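File shown: coords_27.cif (mmCIF, N, CA, C and O atoms).
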data_data
loop_
_atom_site.label_atom_id
_atom_site.label_comp_id
_atom_site.auth_asym_id
_atom_site.auth_seq_id
_atom_site.Cartn_x
_atom_site.Cartn_y
_atom_site.Cartn_z
N MET C 6 12.01 -45.75 26.73
CA MET C 6 12.64 -44.46 26.84
C MET C 6 11.75 -43.56 27.69
O MET C 6 10.55 -43.55 27.54
N GLU C 7 12.39 -42.85 28.57
CA GLU C 7 11.68 -41.92 29.44
C GLU C 7 12.52 -40.66 29.60
O GLU C 7 13.75 -40.74 29.67
N ILE C 8 11.85 -39.53 29.64
CA ILE C 8 12.51 -38.26 29.90
C ILE C 8 11.89 -37.67 31.15
O ILE C 8 10.68 -37.46 31.20
N LYS C 9 12.72 -37.42 32.15
CA LYS C 9 12.24 -36.79 33.38
C LYS C 9 12.78 -35.37 33.43
O LYS C 9 13.98 -35.15 33.30
N VAL C 10 11.88 -34.41 33.62
CA VAL C 10 12.30 -33.02 33.81
C VAL C 10 12.61 -32.86 35.30
O VAL C 10 11.74 -33.00 36.14
N LEU C 11 13.87 -32.56 35.60
CA LEU C 11 14.31 -32.46 36.98
C LEU C 11 14.24 -31.03 37.50
O LEU C 11 13.97 -30.80 38.67
N ASP C 12 14.50 -30.05 36.61
CA ASP C 12 14.52 -28.65 37.01
C ASP C 12 14.37 -27.80 35.75
O ASP C 12 15.03 -28.07 34.75
N THR C 13 13.53 -26.78 35.79
CA THR C 13 13.31 -25.95 34.62
C THR C 13 14.03 -24.60 34.69
O THR C 13 13.87 -23.78 33.80
N SER C 14 14.82 -24.37 35.76
CA SER C 14 15.61 -23.15 35.76
C SER C 14 16.71 -23.30 34.71
O SER C 14 16.89 -24.37 34.13
N ASN C 15 17.43 -22.24 34.43
CA ASN C 15 18.45 -22.30 33.39
C ASN C 15 19.75 -22.84 33.94
O ASN C 15 20.30 -22.25 34.84
N PRO C 16 20.25 -23.97 33.45
CA PRO C 16 19.76 -24.78 32.34
C PRO C 16 18.64 -25.73 32.76
O PRO C 16 18.56 -26.11 33.93
N THR C 17 17.81 -26.10 31.81
CA THR C 17 16.80 -27.12 32.06
C THR C 17 17.53 -28.44 32.29
O THR C 17 18.37 -28.83 31.49
N GLN C 18 17.22 -29.10 33.39
CA GLN C 18 17.89 -30.35 33.72
C GLN C 18 16.92 -31.52 33.51
O GLN C 18 15.81 -31.50 34.03
N LEU C 19 17.41 -32.49 32.74
CA LEU C 19 16.60 -33.65 32.37
C LEU C 19 17.36 -34.93 32.67
O LEU C 19 18.58 -34.93 32.70
N ALA C 20 16.62 -36.01 32.87
CA ALA C 20 17.21 -37.34 32.95
C ALA C 20 16.68 -38.14 31.76
O ALA C 20 15.47 -38.18 31.53
N ILE C 21 17.60 -38.73 31.01
CA ILE C 21 17.24 -39.56 29.87
C ILE C 21 17.40 -41.02 30.33
O ILE C 21 18.48 -41.42 30.78
N ILE C 22 16.33 -41.79 30.20
CA ILE C 22 16.32 -43.15 30.74
C ILE C 22 15.95 -44.13 29.63
O ILE C 22 14.97 -43.92 28.91
N GLY C 23 16.73 -45.20 29.51
CA GLY C 23 16.37 -46.26 28.59
C GLY C 23 17.09 -46.19 27.26
O GLY C 23 18.26 -45.87 27.18
N ARG C 24 16.34 -46.44 26.19
CA ARG C 24 16.88 -46.56 24.84
C ARG C 24 16.28 -45.50 23.93
O ARG C 24 15.08 -45.25 23.96
N VAL C 25 17.15 -44.90 23.10
CA VAL C 25 16.67 -44.03 22.02
C VAL C 25 17.03 -44.76 20.73
O VAL C 25 18.19 -44.79 20.32
N ASP C 26 16.00 -45.37 20.15
CA ASP C 26 16.20 -46.21 18.97
C ASP C 26 15.09 -45.95 17.96
O ASP C 26 14.33 -44.99 18.10
N THR C 27 14.97 -46.80 16.97
CA THR C 27 13.97 -46.63 15.92
C THR C 27 12.56 -46.55 16.48
O THR C 27 11.74 -45.77 16.01
N VAL C 28 12.28 -47.33 17.50
CA VAL C 28 10.95 -47.37 18.10
C VAL C 28 10.65 -46.10 18.89
O VAL C 28 9.53 -45.59 18.87
N THR C 29 11.64 -45.55 19.58
CA THR C 29 11.40 -44.44 20.50
C THR C 29 11.86 -43.08 19.98
O THR C 29 11.57 -42.06 20.61
N ALA C 30 12.57 -43.04 18.87
CA ALA C 30 13.18 -41.79 18.39
C ALA C 30 12.15 -40.68 18.14
O ALA C 30 12.37 -39.53 18.53
N ASP C 31 11.04 -41.00 17.49
CA ASP C 31 10.04 -39.96 17.20
C ASP C 31 9.43 -39.39 18.47
O ASP C 31 9.25 -38.18 18.60
N GLU C 32 9.13 -40.26 19.43
CA GLU C 32 8.59 -39.80 20.72
C GLU C 32 9.63 -38.94 21.45
O GLU C 32 9.29 -37.91 22.03
N PHE C 33 10.89 -39.35 21.40
CA PHE C 33 11.97 -38.59 22.01
C PHE C 33 12.04 -37.19 21.41
O PHE C 33 12.10 -36.19 22.14
N LEU C 34 11.99 -37.10 20.08
CA LEU C 34 12.05 -35.81 19.40
C LEU C 34 10.86 -34.93 19.78
O LEU C 34 11.04 -33.76 20.14
N LYS C 35 9.66 -35.47 19.73
CA LYS C 35 8.47 -34.68 20.06
C LYS C 35 8.52 -34.16 21.50
O LYS C 35 8.20 -33.00 21.77
N THR C 36 8.92 -35.02 22.42
CA THR C 36 9.00 -34.61 23.83
C THR C 36 10.05 -33.54 24.02
O THR C 36 9.81 -32.53 24.70
N MET C 37 11.22 -33.71 23.42
CA MET C 37 12.29 -32.73 23.58
C MET C 37 11.94 -31.41 22.90
O MET C 37 12.26 -30.34 23.43
N GLU C 38 11.27 -31.45 21.76
CA GLU C 38 10.84 -30.21 21.10
C GLU C 38 9.85 -29.45 21.98
O GLU C 38 9.92 -28.22 22.08
N LYS C 39 8.96 -30.17 22.63
CA LYS C 39 8.00 -29.53 23.54
C LYS C 39 8.74 -28.88 24.72
O LYS C 39 8.43 -27.74 25.10
N ILE C 40 9.69 -29.58 25.28
CA ILE C 40 10.47 -29.02 26.40
C ILE C 40 11.22 -27.78 25.94
O ILE C 40 11.24 -26.76 26.63
N LEU C 41 11.84 -27.84 24.76
CA LEU C 41 12.57 -26.68 24.23
C LEU C 41 11.64 -25.50 23.96
O LEU C 41 12.01 -24.35 24.16
N GLN C 42 10.44 -25.80 23.49
CA GLN C 42 9.48 -24.74 23.22
C GLN C 42 9.06 -24.05 24.53
O GLN C 42 8.95 -22.83 24.59
N GLU C 43 8.87 -24.83 25.58
CA GLU C 43 8.46 -24.28 26.87
C GLU C 43 9.61 -23.62 27.61
O GLU C 43 9.40 -22.70 28.40
N HIS C 44 10.83 -24.11 27.38
CA HIS C 44 12.02 -23.61 28.09
C HIS C 44 13.16 -23.44 27.08
O HIS C 44 14.07 -24.26 27.03
N PRO C 45 13.11 -22.38 26.25
CA PRO C 45 14.12 -22.18 25.20
C PRO C 45 15.45 -21.69 25.78
O PRO C 45 15.78 -20.51 25.72
N GLN C 46 16.19 -22.62 26.36
CA GLN C 46 17.43 -22.28 27.05
C GLN C 46 18.37 -23.47 27.04
O GLN C 46 18.05 -24.52 26.49
N ASP C 47 19.53 -23.30 27.67
CA ASP C 47 20.48 -24.41 27.77
C ASP C 47 19.83 -25.61 28.44
O ASP C 47 18.92 -25.47 29.25
N MET C 48 20.35 -26.79 28.08
CA MET C 48 19.84 -28.04 28.65
C MET C 48 21.00 -28.87 29.17
O MET C 48 22.06 -28.91 28.55
N GLU C 49 20.78 -29.52 30.30
CA GLU C 49 21.72 -30.49 30.86
C GLU C 49 20.99 -31.81 30.97
O GLU C 49 19.95 -31.90 31.61
N TRP C 50 21.54 -32.84 30.33
CA TRP C 50 20.92 -34.15 30.36
C TRP C 50 21.73 -35.07 31.27
O TRP C 50 22.91 -35.30 31.02
N ASP C 51 21.11 -35.62 32.28
CA ASP C 51 21.73 -36.66 33.09
C ASP C 51 21.51 -37.97 32.34
O ASP C 51 20.38 -38.43 32.19
N CYS C 52 22.58 -38.55 31.86
CA CYS C 52 22.50 -39.73 30.99
C CYS C 52 22.90 -41.02 31.71
O CYS C 52 23.20 -42.02 31.06
N THR C 53 22.88 -40.99 33.04
CA THR C 53 23.28 -42.14 33.83
C THR C 53 22.52 -43.41 33.42
O THR C 53 23.10 -44.49 33.34
N GLU C 54 21.23 -43.27 33.12
CA GLU C 54 20.40 -44.44 32.80
C GLU C 54 20.04 -44.52 31.32
O GLU C 54 19.14 -45.26 30.93
N TRP C 55 20.75 -43.76 30.47
CA TRP C 55 20.56 -43.83 29.03
C TRP C 55 21.45 -44.95 28.52
O TRP C 55 22.67 -44.84 28.51
N LYS C 56 20.87 -46.06 28.11
CA LYS C 56 21.62 -47.29 27.85
C LYS C 56 21.87 -47.63 26.39
O LYS C 56 22.70 -48.48 26.09
N PHE C 57 21.17 -46.99 25.45
CA PHE C 57 21.35 -47.36 24.05
C PHE C 57 20.98 -46.20 23.15
O PHE C 57 20.02 -45.48 23.41
N LEU C 58 21.76 -46.02 22.09
CA LEU C 58 21.51 -44.97 21.10
C LEU C 58 21.74 -45.55 19.71
O LEU C 58 22.84 -46.01 19.40
N SER C 59 20.70 -45.54 18.88
CA SER C 59 20.81 -46.07 17.52
C SER C 59 21.03 -44.94 16.53
O SER C 59 21.06 -43.77 16.90
N SER C 60 21.14 -45.29 15.26
CA SER C 60 21.30 -44.27 14.22
C SER C 60 20.07 -43.36 14.15
O SER C 60 20.19 -42.17 13.88
N ALA C 61 18.89 -43.91 14.42
CA ALA C 61 17.68 -43.07 14.46
C ALA C 61 17.78 -42.07 15.62
O ALA C 61 17.37 -40.92 15.49
N GLY C 62 18.34 -42.50 16.73
CA GLY C 62 18.56 -41.60 17.86
C GLY C 62 19.58 -40.53 17.54
O GLY C 62 19.44 -39.38 17.96
N LEU C 63 20.63 -40.89 16.80
CA LEU C 63 21.62 -39.90 16.37
C LEU C 63 20.98 -38.83 15.51
O LEU C 63 21.29 -37.64 15.64
N ARG C 64 20.11 -39.25 14.61
CA ARG C 64 19.42 -38.29 13.74
C ARG C 64 18.63 -37.29 14.58
O ARG C 64 18.70 -36.08 14.38
N VAL C 65 17.90 -37.80 15.56
CA VAL C 65 17.11 -36.94 16.44
C VAL C 65 18.01 -36.03 17.26
O VAL C 65 17.73 -34.84 17.40
N LEU C 66 19.09 -36.57 17.78
CA LEU C 66 20.02 -35.76 18.56
C LEU C 66 20.59 -34.63 17.71
O LEU C 66 20.71 -33.49 18.16
N PHE C 67 20.92 -34.91 16.45
CA PHE C 67 21.43 -33.88 15.56
C PHE C 67 20.39 -32.78 15.33
O PHE C 67 20.71 -31.60 15.36
N ILE C 68 19.14 -33.17 15.13
CA ILE C 68 18.06 -32.19 14.97
C ILE C 68 17.95 -31.31 16.22
O ILE C 68 17.83 -30.09 16.12
N LEU C 69 18.04 -31.92 17.39
CA LEU C 69 17.93 -31.17 18.64
C LEU C 69 19.10 -30.21 18.84
O LEU C 69 18.92 -29.09 19.31
N VAL C 70 20.29 -30.65 18.45
CA VAL C 70 21.46 -29.76 18.54
C VAL C 70 21.25 -28.55 17.65
O VAL C 70 21.52 -27.41 18.05
N LYS C 71 20.78 -28.76 16.43
CA LYS C 71 20.52 -27.64 15.51
C LYS C 71 19.47 -26.69 16.08
O LYS C 71 19.62 -25.47 16.01
N LYS C 72 18.40 -27.24 16.66
CA LYS C 72 17.35 -26.40 17.23
C LYS C 72 17.85 -25.58 18.41
O LYS C 72 17.51 -24.41 18.55
N THR C 73 18.67 -26.18 19.26
CA THR C 73 19.20 -25.44 20.40
C THR C 73 20.17 -24.36 19.94
O THR C 73 20.18 -23.26 20.50
N LYS C 74 20.95 -24.64 18.92
CA LYS C 74 21.87 -23.62 18.39
C LYS C 74 21.10 -22.43 17.84
O LYS C 74 21.53 -21.29 17.99
N MET C 75 19.96 -22.69 17.20
CA MET C 75 19.13 -21.59 16.69
C MET C 75 18.64 -20.71 17.83
O MET C 75 18.42 -19.52 17.65
N LEU C 76 18.47 -21.31 19.01
CA LEU C 76 18.04 -20.57 20.20
C LEU C 76 19.22 -19.97 20.96
O LEU C 76 19.04 -19.38 22.03
N LYS C 77 20.44 -20.17 20.40
CA LYS C 77 21.67 -19.75 21.08
C LYS C 77 21.83 -20.44 22.43
O LYS C 77 22.23 -19.83 23.42
N ALA C 78 21.45 -21.71 22.45
CA ALA C 78 21.52 -22.53 23.66
C ALA C 78 22.42 -23.74 23.38
O ALA C 78 22.82 -23.97 22.24
N THR C 79 22.71 -24.49 24.42
CA THR C 79 23.55 -25.67 24.29
C THR C 79 22.92 -26.87 24.99
O THR C 79 22.07 -26.71 25.86
N ILE C 80 23.39 -28.04 24.61
CA ILE C 80 23.03 -29.29 25.29
C ILE C 80 24.31 -29.85 25.90
O ILE C 80 25.32 -30.01 25.21
N THR C 81 24.27 -30.13 27.19
CA THR C 81 25.38 -30.76 27.88
C THR C 81 24.94 -32.15 28.33
O THR C 81 23.88 -32.30 28.94
N LEU C 82 25.74 -33.15 28.00
CA LEU C 82 25.46 -34.53 28.38
C LEU C 82 26.35 -34.90 29.57
O LEU C 82 27.57 -34.75 29.50
N LYS C 83 25.73 -35.38 30.64
CA LYS C 83 26.46 -35.74 31.85
C LYS C 83 26.31 -37.23 32.15
O LYS C 83 25.25 -37.79 31.94
N HIS C 84 27.39 -37.82 32.63
CA HIS C 84 27.38 -39.21 33.11
C HIS C 84 26.95 -40.21 32.03
O HIS C 84 26.10 -41.06 32.26
N LEU C 85 27.56 -40.10 30.86
CA LEU C 85 27.21 -40.99 29.75
C LEU C 85 27.64 -42.43 30.00
O LEU C 85 28.75 -42.68 30.47
N ASP C 86 26.76 -43.35 29.65
CA ASP C 86 27.08 -44.78 29.61
C ASP C 86 28.20 -44.97 28.58
O ASP C 86 28.21 -44.30 27.54
N LYS C 87 29.13 -45.88 28.84
CA LYS C 87 30.27 -46.05 27.94
C LYS C 87 29.85 -46.46 26.53
O LYS C 87 30.45 -46.03 25.55
N ASN C 88 28.78 -47.24 26.39
CA ASN C 88 28.32 -47.65 25.06
C ASN C 88 27.72 -46.49 24.29
O ASN C 88 27.97 -46.34 23.09
N VAL C 89 26.94 -45.65 24.96
CA VAL C 89 26.36 -44.47 24.31
C VAL C 89 27.48 -43.51 23.92
O VAL C 89 27.49 -42.96 22.82
N TYR C 90 28.47 -43.34 24.81
CA TYR C 90 29.61 -42.48 24.50
C TYR C 90 30.34 -42.97 23.26
O TYR C 90 30.71 -42.18 22.38
N GLU C 91 30.55 -44.27 23.15
CA GLU C 91 31.26 -44.83 22.00
C GLU C 91 30.51 -44.56 20.69
O GLU C 91 31.12 -44.24 19.68
N VAL C 92 29.18 -44.69 20.73
CA VAL C 92 28.37 -44.39 19.53
C VAL C 92 28.56 -42.92 19.14
O VAL C 92 28.75 -42.59 17.97
N LEU C 93 28.51 -42.03 20.13
CA LEU C 93 28.70 -40.60 19.85
C LEU C 93 30.10 -40.31 19.33
O LEU C 93 30.27 -39.50 18.40
N LYS C 94 31.09 -40.97 19.89
CA LYS C 94 32.48 -40.75 19.48
C LYS C 94 32.70 -41.24 18.05
O LYS C 94 33.26 -40.52 17.22
N ILE C 95 32.26 -42.45 17.76
CA ILE C 95 32.45 -43.03 16.42
C ILE C 95 31.73 -42.20 15.36
O ILE C 95 32.24 -42.03 14.25
N SER C 96 30.58 -41.66 15.70
CA SER C 96 29.79 -40.89 14.73
C SER C 96 30.24 -39.43 14.62
O SER C 96 29.70 -38.68 13.82
N GLY C 97 31.20 -39.01 15.44
CA GLY C 97 31.72 -37.65 15.36
C GLY C 97 30.97 -36.64 16.20
O GLY C 97 31.29 -35.45 16.20
N PHE C 98 29.98 -37.06 16.95
CA PHE C 98 29.17 -36.14 17.74
C PHE C 98 29.95 -35.53 18.92
O PHE C 98 29.60 -34.46 19.41
N THR C 99 31.01 -36.21 19.37
CA THR C 99 31.79 -35.67 20.48
C THR C 99 32.53 -34.39 20.10
O THR C 99 32.96 -33.65 20.97
N SER C 100 32.64 -34.12 18.80
CA SER C 100 33.33 -32.90 18.36
C SER C 100 32.47 -31.65 18.53
O SER C 100 33.00 -30.56 18.56
N PHE C 101 31.15 -31.82 18.64
CA PHE C 101 30.31 -30.63 18.80
C PHE C 101 29.35 -30.68 19.98
O PHE C 101 28.61 -29.74 20.23
N LEU C 102 29.36 -31.77 20.73
CA LEU C 102 28.55 -31.86 21.94
C LEU C 102 29.42 -31.62 23.16
O LEU C 102 30.58 -32.04 23.19
N LYS C 103 28.86 -30.98 24.16
CA LYS C 103 29.57 -30.81 25.42
C LYS C 103 29.24 -32.04 26.29
O LYS C 103 28.08 -32.29 26.61
N ILE C 104 30.29 -32.77 26.66
CA ILE C 104 30.12 -34.00 27.44
C ILE C 104 30.99 -33.87 28.69
O ILE C 104 32.18 -33.58 28.61
N VAL C 105 30.36 -34.07 29.86
CA VAL C 105 31.07 -33.99 31.13
C VAL C 105 30.78 -35.27 31.94
O VAL C 105 29.79 -35.94 31.71
N ASP C 106 31.69 -35.54 32.88
CA ASP C 106 31.51 -36.74 33.72
C ASP C 106 30.49 -36.53 34.79
O ASP C 106 30.09 -35.80 35.38
#

Produce structure tokens that represent the structure in this file.
Amino acid sequence: MEIKVLDTSNPTQLAIIGRVDTVTADEFLKTMEKILQEHPQDMEWDCTEWKFLSSAGLRVLFILVKKTKMLKATITLKHLDKNVYEVLKISGFTSFLKIVD
């Protein structure tokens, strides 16, 4: 799993690469919390290369959504892999996440 910061203007633009699973979920959370702390604003994630999301990743994503809402900010997911989208859809996350092509 890798997170690339592409632009820090509002919204902060990031690229999520690889897998967010049991092994990488804690690192993903810590990195994203640091980015949110430094740039407490809307976020746009380019998910073109985000290939896998486990239940541990869902937990982290839910925590991040709550943290951004506390900041009155949003997370937008762009270019989701079909498998990651299906996990989000089945788990109900598509009802509260902004997802664009």

**Asked** Hey, what's within 8 Å of stretch 32-37 of chain C if we count all atoms listed in the file and toss same-chain stuff fewer than 4 positions away? As number ranges by chain, please?
**Response** C: 6-8, 24-28, 41-44, 65-66, 69

If you keep N, CA, C and O atoms, can you produce a file of those selected residues as a CSV table (one decimal), keeping the file's coordinate frame?
chain,number,residue,atom,x,y,z
C,6,MET,N,12.0,-45.8,26.7
C,6,MET,CA,12.6,-44.5,26.8
C,6,MET,C,11.8,-43.6,27.7
C,6,MET,O,10.6,-43.6,27.5
C,7,GLU,N,12.4,-42.8,28.6
C,7,GLU,CA,11.7,-41.9,29.4
C,7,GLU,C,12.5,-40.7,29.6
C,7,GLU,O,13.8,-40.7,29.7
C,8,ILE,N,11.8,-39.5,29.6
C,8,ILE,CA,12.5,-38.3,29.9
C,8,ILE,C,11.9,-37.7,31.2
C,8,ILE,O,10.7,-37.5,31.2
C,24,ARG,N,16.3,-46.4,26.2
C,24,ARG,CA,16.9,-46.6,24.8
C,24,ARG,C,16.3,-45.5,23.9
C,24,ARG,O,15.1,-45.2,24.0
C,25,VAL,N,17.2,-44.9,23.1
C,25,VAL,CA,16.7,-44.0,22.0
C,25,VAL,C,17.0,-44.8,20.7
C,25,VAL,O,18.2,-44.8,20.3
C,26,ASP,N,16.0,-45.4,20.2
C,26,ASP,CA,16.2,-46.2,19.0
C,26,ASP,C,15.1,-46.0,18.0
C,26,ASP,O,14.3,-45.0,18.1
C,27,THR,N,15.0,-46.8,17.0
C,27,THR,CA,14.0,-46.6,15.9
C,27,THR,C,12.6,-46.6,16.5
C,27,THR,O,11.7,-45.8,16.0
C,28,VAL,N,12.3,-47.3,17.5
C,28,VAL,CA,11.0,-47.4,18.1
C,28,VAL,C,10.6,-46.1,18.9
C,28,VAL,O,9.5,-45.6,18.9
C,41,LEU,N,11.8,-27.8,24.8
C,41,LEU,CA,12.6,-26.7,24.2
C,41,LEU,C,11.6,-25.5,24.0
C,41,LEU,O,12.0,-24.4,24.2
C,42,GLN,N,10.4,-25.8,23.5
C,42,GLN,CA,9.5,-24.7,23.2
C,42,GLN,C,9.1,-24.0,24.5
C,42,GLN,O,9.0,-22.8,24.6
C,43,GLU,N,8.9,-24.8,25.6
C,43,GLU,CA,8.5,-24.3,26.9
C,43,GLU,C,9.6,-23.6,27.6
C,43,GLU,O,9.4,-22.7,28.4
C,44,HIS,N,10.8,-24.1,27.4
C,44,HIS,CA,12.0,-23.6,28.1
C,44,HIS,C,13.2,-23.4,27.1
C,44,HIS,O,14.1,-24.3,27.0
C,65,VAL,N,17.9,-37.8,15.6
C,65,VAL,CA,17.1,-36.9,16.4
C,65,VAL,C,18.0,-36.0,17.3
C,65,VAL,O,17.7,-34.8,17.4
C,66,LEU,N,19.1,-36.6,17.8
C,66,LEU,CA,20.0,-35.8,18.6
C,66,LEU,C,20.6,-34.6,17.7
C,66,LEU,O,20.7,-33.5,18.2
C,69,LEU,N,18.0,-31.9,17.4
C,69,LEU,CA,17.9,-31.2,18.6
C,69,LEU,C,19.1,-30.2,18.8
C,69,LEU,O,18.9,-29.1,19.3

So that I can see what lies close to C:Ile21, please list as a PyMOL selection string the residues with an atom at most 5 Å from it, counting only N, CA, C and O atoms and leaving out residues fewer than 2 positions away in the same chain. chain C and resi 7-8+19+23+51-55

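Between atom C of C:Val92 and atom C of C:Ala78 the separation is 20.6 Å.
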
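Reported to one decimal place, the separation of atom C of C:Asp47 from atom N of C:Asn15 is 7.3 Å.
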
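When the PyMOL selection byres (((chain C and resi 79-82 and name CA) around 6) and name CA) is run on the displayed coordinates, the residues it returns are Asp47, Met48, Glu49, Trp50, Thr73, Ala78, Lys83, Lys103 and Ile104 of chain C.
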
Using all atoms listed in the file, the best pick from C:Gly62, C:Lys77, C:Lys94, C:Thr13 as closest to C:Asp31 would be C:Gly62

Would you give me, as a PyMOL selection string, the residues in chain C that DSSP reads as strand (DSSP E or B)? chain C and resi 7-12+17-25+48-51+55-58+80-83+103-105

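Counting from atom CA of C:Asp86, the distance to atom CA of C:Lys71 is 23.1 Å.
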
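Closest approach to C:Phe57 among C:Ile40, C:Ile22, C:Met75, C:Leu102: C:Ile22, based on only C-alpha atoms.
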
Please enclose the listed atoms of stretch 52-69 of chain C in an axis-aligned box, pad each side by 3 Å, and write out the centre and the three edge lengths in Å, rounded to one decimal, as JSON.
{"center_x": 20.2, "center_y": -38.8, "center_z": 23.8, "size_x": 12.2, "size_y": 25.4, "size_z": 26.1}

Exercise. Name the residues of chain C that come out as helix (DSSP H, G or I) in a backbone DSSP run; write them as number ranges by chain.
Key: C: 30-43, 60-75, 87-95, 98-100

C:Arg64 proximity check over C:Leu93, C:Asp12, C:Thr17, C:Ser100, using only C-alpha atoms: winner is C:Leu93
